[in-house]
Structures are given as structure tokens and as C-alpha cells.
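Trainee: Starting off with a structure, shown below.
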Amino acid sequence: MAQQDSDQQESVEFVDDVTDAKEREEAHRERGTSRPITVVGNPVLHKECKDVTAFDAELAQLIDDMFASQRTAEGVGLAANQIGVDLKVFVYDCLDDEGVRHVGAVCNPVLDELPAGRRVLDDSNEGCLSVPGAYAELARPDYAVVRGRNAQGEPIVVQGTGYFARCLQHETDHLYGYLYIDRLSKRDRKDALKQMAEREPRYPVVPND
């Protein structure tokens with residue numbers, strides 16, 4: 001649980017995405033089918049996705065496929081539009097600053113606005129499966145809270161620190177039509193695209209027409 005900034009703040013119960021993380025990720029992955037990754041330039045990556053409204057077997061299969069695709073690409077987070085699906089859902093399998101593994105899925109995510117005291121920026125390198133082979137420094141808060149729903153439609157709240165916080169922000173961005181390179185300066189964005197052009201992706205991707 002996160003420490004609250006004041007006694008007046010509403011108590012928040014964060015989802016337990018740590019217990020049985022390895023077993024849950026393996027179960028998703030074994031039920032899923034890996035799909036190729038869409039890359040920058042594909043229209044589905046550059047617009048806000050649709051809200052999830054049906055929490056059914058089809059959504060469960062999508063989440064399984066996303067975990068399988070994420071593992072194939074050796075990623076720590078994956079949004080549905082990164083495999084060409086226009087829905088607000090992302091999955092993650094990511095370590096936090098303490099080296100603790102977090103595994104889960106979030107539908108219809110919304111990032112909390114952080115109070116000024118929690119907005120400590122971290123300018124570490126960031127990469128993206130949809131911009132294969134490219135990395136750039138990008139300042140983001142080192143703490144994040146995401147509210148959404150799980151695969152059964154139940155409300156959940158997820159918190160992350162450090163690298164995991166970056167992952168939560170990065171994947172939420174995807175579902176609203178933003179790639180991390182959209183937050184870079186023109187010079188740094190051009191450099192990231194150059195890195196991508198010079199390297200062969202190490203996983204299957206969907207070629208842009």
C-alpha cells in the first residue's frame with residue numbers, strides 16, 4: 001500500500017498484482033497465441049482506442065494473446081492496439097524499483113493526477129515494442145496510479161514506482177493514441193526513428209503499407 005499524503009485523503013486499496021505473478025503470467029501465455037506487433041505509422045496506434053464494454057470470453061482470450069505476444073517480443077507491457085486491436089486494455093509483467101514482479105491487465109485505464117509532492121521526475125531511457133530498436137531519455141514521474149477495470153469488469157487501482165510507474169504511464173498513453181516518441185523533442189524523435197530504421201526488429205511485426 002502507498003502512504004497517503006494526508007489523513008484527509010480517501011483510503012485506497014491497490015490491486016494485489018504480486019502474488020503468484022509467475023504462475024498467472026504463465027497461465028495467460030499458455031492459453032494465448034502470439035501475434036505480430038504493429039509499429040509506428042499504423043493508424044491504430046495514433047488514435048484513442050474504444051472503451052471496453054464487454055467483459056467476456058473474447059476479452060479474456062485477447063488478454064491471453066497479449067501476454068503471449070508480450071513474451072515473444074520480450075516486453076514488459078503491451079497495449080491492445082500494439083497487436084492491432086482497437087480497445088482500451090493493456091497487460092504488464094514488470095519489475096518495480098524494489099525488484100518485485102507485477103503482473104496484470106487493466107481495461108479502460110485512467111492515470112491519477114499526482115499531487116505536487118509526488119511528481120518527482122525520472123529521466124531514464126524508454127523504449128517501445130512499436131518503435132523497435134529505439135531508445136531515448138524521457139522524463140516521467142517515478143510514481144503512478146492507474147484506475148480501471150479488470151478482465152471481469154471489477155474496478156481496480158494499480159500503483160507503481162520507478163520502472164513500473166513508467167510502464168503504467170507508457171501503456172496508458174498508447175490507448176489514447178500517444179507513443180513515447182510523441183513526447184520527445186523533434187530532434188530526439190527523429191533520432192529514435194533513425195535508430196529504428198537502422199535495426200531489424202527481433203520479433204514479428206506488421207509491415208505498414
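Every chain in the C-alpha cells takes a letter, A first, then B, and so on in the order presented; its residues are numbered from 1, and the ligands are numbered from 1 following the presented order.
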Within 9 Å of Arg202 in chain A, counting only C-alpha atoms, which residues show up once you throw out same-chain ones fewer than 4 positions away? Write them as a list of chain:residue names, please.
Mentor: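 After dropping sequence-adjacent residues, the list is A:Ala73, A:Pro132, A:Gly133.
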Trainee: Next, the residues of the selection above should be written as a compact mmCIF listing (two decimals), in the first residue's frame with C-alpha atoms.
Mentor:
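Dumped everything to out23.txt:
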```txt
# COMPACT_ATOMS: atom_id res chain seq x y z
CA ALA A 73 8.66 -9.64 -28.06
CA PRO A 132 11.64 -1.48 -32.32
CA GLY A 133 15.31 -0.95 -31.56
```
Trainee: When you look at Val157 in chain A with a cut-off of 9 Å (counting only C-alpha atoms), what residues show up, excluding the ones that are within fewer than 4 positions of it in the same chain? I need them as a PyMOL selection string.
Mentor: chain A and resi 12-15+106+145-149
Trainee: Report as a PyMOL selection string all protein, DNA and RNA residues lying within 9 Å of Glu137 in chain A, evaluated on only C-alpha atoms, omitting residues in the same chain fewer than 4 positions from it.
Mentor: chain A and resi 123-127+184+188
Trainee: If DSSP is run on the backbone, what residues of range 110-168 of chain A are strand (DSSP E)? A reply as a PDB file with N, CA, C and O atoms, in the first residue's frame would be ideal.
Mentor:
```pdb
ATOM      1  N   VAL A 110      -7.178   5.016 -16.526  1.00  0.00           N
ATOM      2  CA  VAL A 110      -7.069   6.470 -16.387  1.00  0.00           C
ATOM      3  C   VAL A 110      -6.001   6.739 -15.335  1.00  0.00           C
ATOM      4  O   VAL A 110      -6.060   6.204 -14.224  1.00  0.00           O
ATOM      5  N   LEU A 111      -5.025   7.574 -15.679  1.00  0.00           N
ATOM      6  CA  LEU A 111      -3.962   7.932 -14.735  1.00  0.00           C
ATOM      7  C   LEU A 111      -4.454   8.989 -13.762  1.00  0.00           C
ATOM      8  O   LEU A 111      -5.091   9.970 -14.165  1.00  0.00           O
ATOM      9  N   LEU A 121      10.460  13.634 -11.040  1.00  0.00           N
ATOM     10  CA  LEU A 121      10.692  13.164 -12.399  1.00  0.00           C
ATOM     11  C   LEU A 121      11.919  12.266 -12.499  1.00  0.00           C
ATOM     12  O   LEU A 121      12.938  12.501 -11.853  1.00  0.00           O
ATOM     13  N   ASP A 122      11.787  11.244 -13.317  1.00  0.00           N
ATOM     14  CA  ASP A 122      12.868  10.304 -13.633  1.00  0.00           C
ATOM     15  C   ASP A 122      13.092  10.380 -15.134  1.00  0.00           C
ATOM     16  O   ASP A 122      12.160  10.175 -15.917  1.00  0.00           O
ATOM     17  N   ASN A 125      16.025   6.087 -19.745  1.00  0.00           N
ATOM     18  CA  ASN A 125      15.739   5.683 -21.117  1.00  0.00           C
ATOM     19  C   ASN A 125      14.390   4.993 -21.208  1.00  0.00           C
ATOM     20  O   ASN A 125      13.960   4.317 -20.267  1.00  0.00           O
ATOM     21  N   GLU A 126      13.735   5.164 -22.344  1.00  0.00           N
ATOM     22  CA  GLU A 126      12.467   4.491 -22.600  1.00  0.00           C
ATOM     23  C   GLU A 126      12.488   3.925 -24.010  1.00  0.00           C
ATOM     24  O   GLU A 126      13.073   4.518 -24.923  1.00  0.00           O
ATOM     25  N   GLY A 127      11.873   2.775 -24.163  1.00  0.00           N
ATOM     26  CA  GLY A 127      11.739   2.157 -25.474  1.00  0.00           C
ATOM     27  C   GLY A 127      10.318   1.680 -25.661  1.00  0.00           C
ATOM     28  O   GLY A 127       9.484   1.772 -24.766  1.00  0.00           O
ATOM     29  N   TYR A 135      15.652   3.848 -28.471  1.00  0.00           N
ATOM     30  CA  TYR A 135      15.564   4.261 -27.072  1.00  0.00           C
ATOM     31  C   TYR A 135      15.891   5.737 -26.969  1.00  0.00           C
ATOM     32  O   TYR A 135      16.682   6.271 -27.752  1.00  0.00           O
ATOM     33  N   ALA A 136      15.269   6.389 -25.983  1.00  0.00           N
ATOM     34  CA  ALA A 136      15.546   7.807 -25.745  1.00  0.00           C
ATOM     35  C   ALA A 136      15.204   8.135 -24.300  1.00  0.00           C
ATOM     36  O   ALA A 136      14.322   7.516 -23.693  1.00  0.00           O
ATOM     37  N   GLU A 137      15.895   9.122 -23.740  1.00  0.00           N
ATOM     38  CA  GLU A 137      15.573   9.599 -22.397  1.00  0.00           C
ATOM     39  C   GLU A 137      14.259  10.362 -22.438  1.00  0.00           C
ATOM     40  O   GLU A 137      14.024  11.177 -23.329  1.00  0.00           O
ATOM     41  N   ARG A 140       9.533  11.251 -16.821  1.00  0.00           N
ATOM     42  CA  ARG A 140       8.190  10.899 -16.353  1.00  0.00           C
ATOM     43  C   ARG A 140       8.222  10.837 -14.828  1.00  0.00           C
ATOM     44  O   ARG A 140       9.272  10.553 -14.236  1.00  0.00           O
ATOM     45  N   PRO A 141       7.076  11.037 -14.164  1.00  0.00           N
ATOM     46  CA  PRO A 141       7.028  10.846 -12.712  1.00  0.00           C
ATOM     47  C   PRO A 141       7.445   9.428 -12.329  1.00  0.00           C
ATOM     48  O   PRO A 141       7.114   8.472 -13.038  1.00  0.00           O
ATOM     49  N   TYR A 143       6.379   7.765  -9.908  1.00  0.00           N
ATOM     50  CA  TYR A 143       5.279   7.106  -9.197  1.00  0.00           C
ATOM     51  C   TYR A 143       4.021   7.304 -10.043  1.00  0.00           C
ATOM     52  O   TYR A 143       3.817   8.376 -10.629  1.00  0.00           O
ATOM     53  N   ALA A 144       3.204   6.277 -10.148  1.00  0.00           N
ATOM     54  CA  ALA A 144       1.985   6.377 -10.947  1.00  0.00           C
ATOM     55  C   ALA A 144       0.867   5.572 -10.305  1.00  0.00           C
ATOM     56  O   ALA A 144       1.104   4.526  -9.684  1.00  0.00           O
ATOM     57  N   VAL A 145      -0.351   6.068 -10.464  1.00  0.00           N
ATOM     58  CA  VAL A 145      -1.560   5.364 -10.034  1.00  0.00           C
ATOM     59  C   VAL A 145      -2.515   5.319 -11.224  1.00  0.00           C
ATOM     60  O   VAL A 145      -2.820   6.350 -11.827  1.00  0.00           O
ATOM     61  N   VAL A 146      -2.978   4.123 -11.570  1.00  0.00           N
ATOM     62  CA  VAL A 146      -3.908   3.923 -12.682  1.00  0.00           C
ATOM     63  C   VAL A 146      -5.186   3.296 -12.148  1.00  0.00           C
ATOM     64  O   VAL A 146      -5.142   2.310 -11.410  1.00  0.00           O
ATOM     65  N   ARG A 147      -6.317   3.868 -12.556  1.00  0.00           N
ATOM     66  CA  ARG A 147      -7.622   3.319 -12.203  1.00  0.00           C
ATOM     67  C   ARG A 147      -8.271   2.733 -13.453  1.00  0.00           C
ATOM     68  O   ARG A 147      -8.155   3.302 -14.540  1.00  0.00           O
ATOM     69  N   GLY A 148      -8.916   1.607 -13.307  1.00  0.00           N
ATOM     70  CA  GLY A 148      -9.578   0.980 -14.441  1.00  0.00           C
ATOM     71  C   GLY A 148     -10.397  -0.200 -13.979  1.00  0.00           C
ATOM     72  O   GLY A 148     -10.916  -0.204 -12.866  1.00  0.00           O
ATOM     73  N   ARG A 149     -10.506  -1.204 -14.845  1.00  0.00           N
ATOM     74  CA  ARG A 149     -11.261  -2.413 -14.507  1.00  0.00           C
ATOM     75  C   ARG A 149     -10.452  -3.646 -14.899  1.00  0.00           C
ATOM     76  O   ARG A 149      -9.640  -3.591 -15.815  1.00  0.00           O
ATOM     77  N   PRO A 155     -13.818  -2.804 -10.640  1.00  0.00           N
ATOM     78  CA  PRO A 155     -12.905  -1.667 -10.507  1.00  0.00           C
ATOM     79  C   PRO A 155     -11.603  -2.073  -9.819  1.00  0.00           C
ATOM     80  O   PRO A 155     -11.614  -2.839  -8.844  1.00  0.00           O
ATOM     81  N   ILE A 156     -10.484  -1.576 -10.345  1.00  0.00           N
ATOM     82  CA  ILE A 156      -9.175  -1.822  -9.731  1.00  0.00           C
ATOM     83  C   ILE A 156      -8.360  -0.532  -9.753  1.00  0.00           C
ATOM     84  O   ILE A 156      -8.604   0.365 -10.559  1.00  0.00           O
ATOM     85  N   VAL A 157      -7.408  -0.473  -8.837  1.00  0.00           N
ATOM     86  CA  VAL A 157      -6.445   0.626  -8.792  1.00  0.00           C
ATOM     87  C   VAL A 157      -5.060   0.010  -8.698  1.00  0.00           C
ATOM     88  O   VAL A 157      -4.805  -0.846  -7.844  1.00  0.00           O
ATOM     89  N   VAL A 158      -4.161   0.412  -9.586  1.00  0.00           N
ATOM     90  CA  VAL A 158      -2.804  -0.128  -9.652  1.00  0.00           C
ATOM     91  C   VAL A 158      -1.826   1.009  -9.373  1.00  0.00           C
ATOM     92  O   VAL A 158      -1.977   2.110  -9.910  1.00  0.00           O
ATOM     93  N   GLN A 159      -0.836   0.742  -8.524  1.00  0.00           N
ATOM     94  CA  GLN A 159       0.204   1.732  -8.273  1.00  0.00           C
ATOM     95  C   GLN A 159       1.555   1.170  -8.676  1.00  0.00           C
ATOM     96  O   GLN A 159       1.775  -0.041  -8.635  1.00  0.00           O
ATOM     97  N   GLY A 160       2.467   2.053  -9.086  1.00  0.00           N
ATOM     98  CA  GLY A 160       3.800   1.613  -9.471  1.00  0.00           C
ATOM     99  C   GLY A 160       4.844   2.656  -9.152  1.00  0.00           C
ATOM    100  O   GLY A 160       4.554   3.859  -9.096  1.00  0.00           O
ATOM    101  N   THR A 161       6.070   2.195  -8.939  1.00  0.00           N
ATOM    102  CA  THR A 161       7.201   3.082  -8.721  1.00  0.00           C
ATOM    103  C   THR A 161       8.276   2.803  -9.768  1.00  0.00           C
ATOM    104  O   THR A 161       8.346   1.719 -10.326  1.00  0.00           O
TER     105      THR A 161
END
```
Trainee: Could you pull the residues within 12 Å of Tyr176 in chain A, counting only C-alpha atoms, minus those fewer than 2 positions along the same chain, as a JSON list (two decimals) with N, CA, C and O atoms, in the first residue's frame?
Mentor:
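What landed in part-v5.json:
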```json
[["chain", "number", "residue", "atom", "x", "y", "z"],
["A", 44, "VAL", "N", -3.87, 2.50, -36.17],
["A", 44, "VAL", "CA", -4.46, 2.10, -34.89],
["A", 44, "VAL", "C", -3.66, 2.63, -33.70],
["A", 44, "VAL", "O", -4.19, 2.78, -32.59],
["A", 45, "LEU", "N", -2.39, 2.95, -33.92],
["A", 45, "LEU", "CA", -1.54, 3.45, -32.84],
["A", 45, "LEU", "C", -1.68, 4.94, -32.61],
["A", 45, "LEU", "O", -1.19, 5.46, -31.61],
["A", 46, "HIS", "N", -2.34, 5.63, -33.51],
["A", 46, "HIS", "CA", -2.32, 7.10, -33.49],
["A", 46, "HIS", "C", -3.70, 7.70, -33.26],
["A", 46, "HIS", "O", -3.95, 8.84, -33.65],
["A", 47, "LYS", "N", -4.57, 6.95, -32.59],
["A", 47, "LYS", "CA", -5.88, 7.47, -32.22],
["A", 47, "LYS", "C", -6.32, 6.83, -30.92],
["A", 47, "LYS", "O", -5.81, 5.77, -30.54],
["A", 48, "GLU", "N", -7.23, 7.50, -30.23],
["A", 48, "GLU", "CA", -7.74, 6.95, -28.97],
["A", 48, "GLU", "C", -8.53, 5.68, -29.24],
["A", 48, "GLU", "O", -9.34, 5.60, -30.17],
["A", 49, "CYS", "N", -8.28, 4.66, -28.43],
["A", 49, "CYS", "CA", -8.98, 3.39, -28.59],
["A", 49, "CYS", "C", -10.38, 3.45, -27.98],
["A", 49, "CYS", "O", -10.72, 4.34, -27.21],
["A", 50, "LYS", "N", -11.19, 2.46, -28.35],
["A", 50, "LYS", "CA", -12.55, 2.37, -27.82],
["A", 50, "LYS", "C", -12.54, 1.79, -26.41],
["A", 50, "LYS", "O", -11.70, 0.95, -26.08],
["A", 51, "ASP", "N", -13.50, 2.22, -25.59],
["A", 51, "ASP", "CA", -13.65, 1.65, -24.25],
["A", 51, "ASP", "C", -14.04, 0.18, -24.35],
["A", 51, "ASP", "O", -14.78, -0.22, -25.25],
["A", 79, "ALA", "N", -0.04, -2.81, -25.05],
["A", 79, "ALA", "CA", -1.40, -2.31, -25.22],
["A", 79, "ALA", "C", -2.06, -3.02, -26.38],
["A", 79, "ALA", "O", -1.40, -3.48, -27.31],
["A", 80, "ALA", "N", -3.40, -3.11, -26.32],
["A", 80, "ALA", "CA", -4.13, -3.87, -27.33],
["A", 80, "ALA", "C", -3.89, -3.35, -28.75],
["A", 80, "ALA", "O", -3.80, -4.14, -29.70],
["A", 81, "ASN", "N", -3.77, -2.03, -28.91],
["A", 81, "ASN", "CA", -3.56, -1.52, -30.27],
["A", 81, "ASN", "C", -2.18, -1.89, -30.82],
["A", 81, "ASN", "O", -1.95, -1.79, -32.02],
["A", 86, "ASP", "N", -8.44, -2.35, -31.45],
["A", 86, "ASP", "CA", -8.87, -1.01, -31.05],
["A", 86, "ASP", "C", -9.71, -1.06, -29.77],
["A", 86, "ASP", "O", -10.91, -0.82, -29.78],
["A", 87, "LEU", "N", -9.05, -1.41, -28.66],
["A", 87, "LEU", "CA", -9.72, -1.46, -27.36],
["A", 87, "LEU", "C", -8.78, -0.96, -26.27],
["A", 87, "LEU", "O", -7.56, -1.18, -26.35],
["A", 88, "LYS", "N", -9.35, -0.33, -25.25],
["A", 88, "LYS", "CA", -8.55, 0.19, -24.14],
["A", 88, "LYS", "C", -8.25, -0.92, -23.13],
["A", 88, "LYS", "O", -8.96, -1.08, -22.13],
["A", 89, "VAL", "N", -7.21, -1.66, -23.40],
["A", 89, "VAL", "CA", -6.74, -2.68, -22.47],
["A", 89, "VAL", "C", -5.24, -2.83, -22.63],
["A", 89, "VAL", "O", -4.72, -2.80, -23.75],
["A", 90, "PHE", "N", -4.53, -2.93, -21.51],
["A", 90, "PHE", "CA", -3.12, -3.26, -21.57],
["A", 90, "PHE", "C", -2.77, -4.31, -20.54],
["A", 90, "PHE", "O", -3.49, -4.49, -19.55],
["A", 108, "ASN", "N", -9.72, 0.11, -19.72],
["A", 108, "ASN", "CA", -10.18, 1.48, -19.59],
["A", 108, "ASN", "C", -9.37, 2.27, -18.55],
["A", 108, "ASN", "O", -9.93, 2.88, -17.64],
["A", 109, "PRO", "N", -8.04, 2.27, -18.68],
["A", 109, "PRO", "CA", -7.20, 2.90, -17.66],
["A", 109, "PRO", "C", -7.26, 4.43, -17.71],
["A", 109, "PRO", "O", -7.36, 5.03, -18.78],
["A", 110, "VAL", "N", -7.18, 5.02, -16.53],
["A", 110, "VAL", "CA", -7.07, 6.47, -16.39],
["A", 110, "VAL", "C", -6.00, 6.74, -15.34],
["A", 110, "VAL", "O", -6.06, 6.20, -14.22],
["A", 111, "LEU", "N", -5.02, 7.57, -15.68],
["A", 111, "LEU", "CA", -3.96, 7.93, -14.74],
["A", 111, "LEU", "C", -4.45, 8.99, -13.76],
["A", 111, "LEU", "O", -5.09, 9.97, -14.16],
["A", 169, "GLN", "N", 2.42, 4.41, -17.20],
["A", 169, "GLN", "CA", 2.18, 5.64, -17.95],
["A", 169, "GLN", "C", 2.31, 5.41, -19.45],
["A", 169, "GLN", "O", 1.50, 5.90, -20.26],
["A", 170, "HIS", "N", 3.33, 4.66, -19.84],
["A", 170, "HIS", "CA", 3.60, 4.36, -21.24],
["A", 170, "HIS", "C", 2.42, 3.61, -21.89],
["A", 170, "HIS", "O", 1.97, 3.98, -22.98],
["A", 171, "GLU", "N", 1.93, 2.58, -21.20],
["A", 171, "GLU", "CA", 0.85, 1.76, -21.78],
["A", 171, "GLU", "C", -0.46, 2.53, -21.81],
["A", 171, "GLU", "O", -1.25, 2.39, -22.76],
["A", 172, "THR", "N", -0.73, 3.33, -20.78],
["A", 172, "THR", "CA", -1.95, 4.15, -20.81],
["A", 172, "THR", "C", -1.89, 5.14, -21.96],
["A", 172, "THR", "O", -2.88, 5.34, -22.68],
["A", 173, "ASP", "N", -0.72, 5.75, -22.16],
["A", 173, "ASP", "CA", -0.53, 6.64, -23.31],
["A", 173, "ASP", "C", -0.94, 5.97, -24.62],
["A", 173, "ASP", "O", -1.62, 6.56, -25.46],
["A", 174, "HIS", "N", -0.49, 4.74, -24.81],
["A", 174, "HIS", "CA", -0.80, 4.01, -26.05],
["A", 174, "HIS", "C", -2.29, 4.02, -26.36],
["A", 174, "HIS", "O", -2.70, 4.22, -27.51],
["A", 178, "TYR", "N", -0.98, 7.91, -28.09],
["A", 178, "TYR", "CA", 0.34, 8.51, -27.97],
["A", 178, "TYR", "C", 1.43, 7.44, -27.86],
["A", 178, "TYR", "O", 1.32, 6.52, -27.04],
["A", 179, "LEU", "N", 2.47, 7.58, -28.65],
["A", 179, "LEU", "CA", 3.70, 6.82, -28.49],
["A", 179, "LEU", "C", 4.67, 7.66, -27.67],
["A", 179, "LEU", "O", 4.57, 8.89, -27.65],
["A", 180, "TYR", "N", 5.63, 7.00, -27.04],
["A", 180, "TYR", "CA", 6.57, 7.77, -26.22],
["A", 180, "TYR", "C", 7.35, 8.78, -27.06],
["A", 180, "TYR", "O", 7.72, 9.87, -26.57],
["A", 182, "ASP", "N", 6.21, 10.63, -29.25],
["A", 182, "ASP", "CA", 5.41, 11.84, -29.42],
["A", 182, "ASP", "C", 5.68, 12.84, -28.31],
["A", 182, "ASP", "O", 5.32, 14.02, -28.44]]
```
Trainee: Between A:Ala192, A:Ala116, A:Ile63, A:Ala151, which residue has the minimum interatomic distance to Tyr92 in chain A, considering only C-alpha atoms?
Mentor: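 Answer, going by the shortest atom-to-atom distance: A:Ile63.
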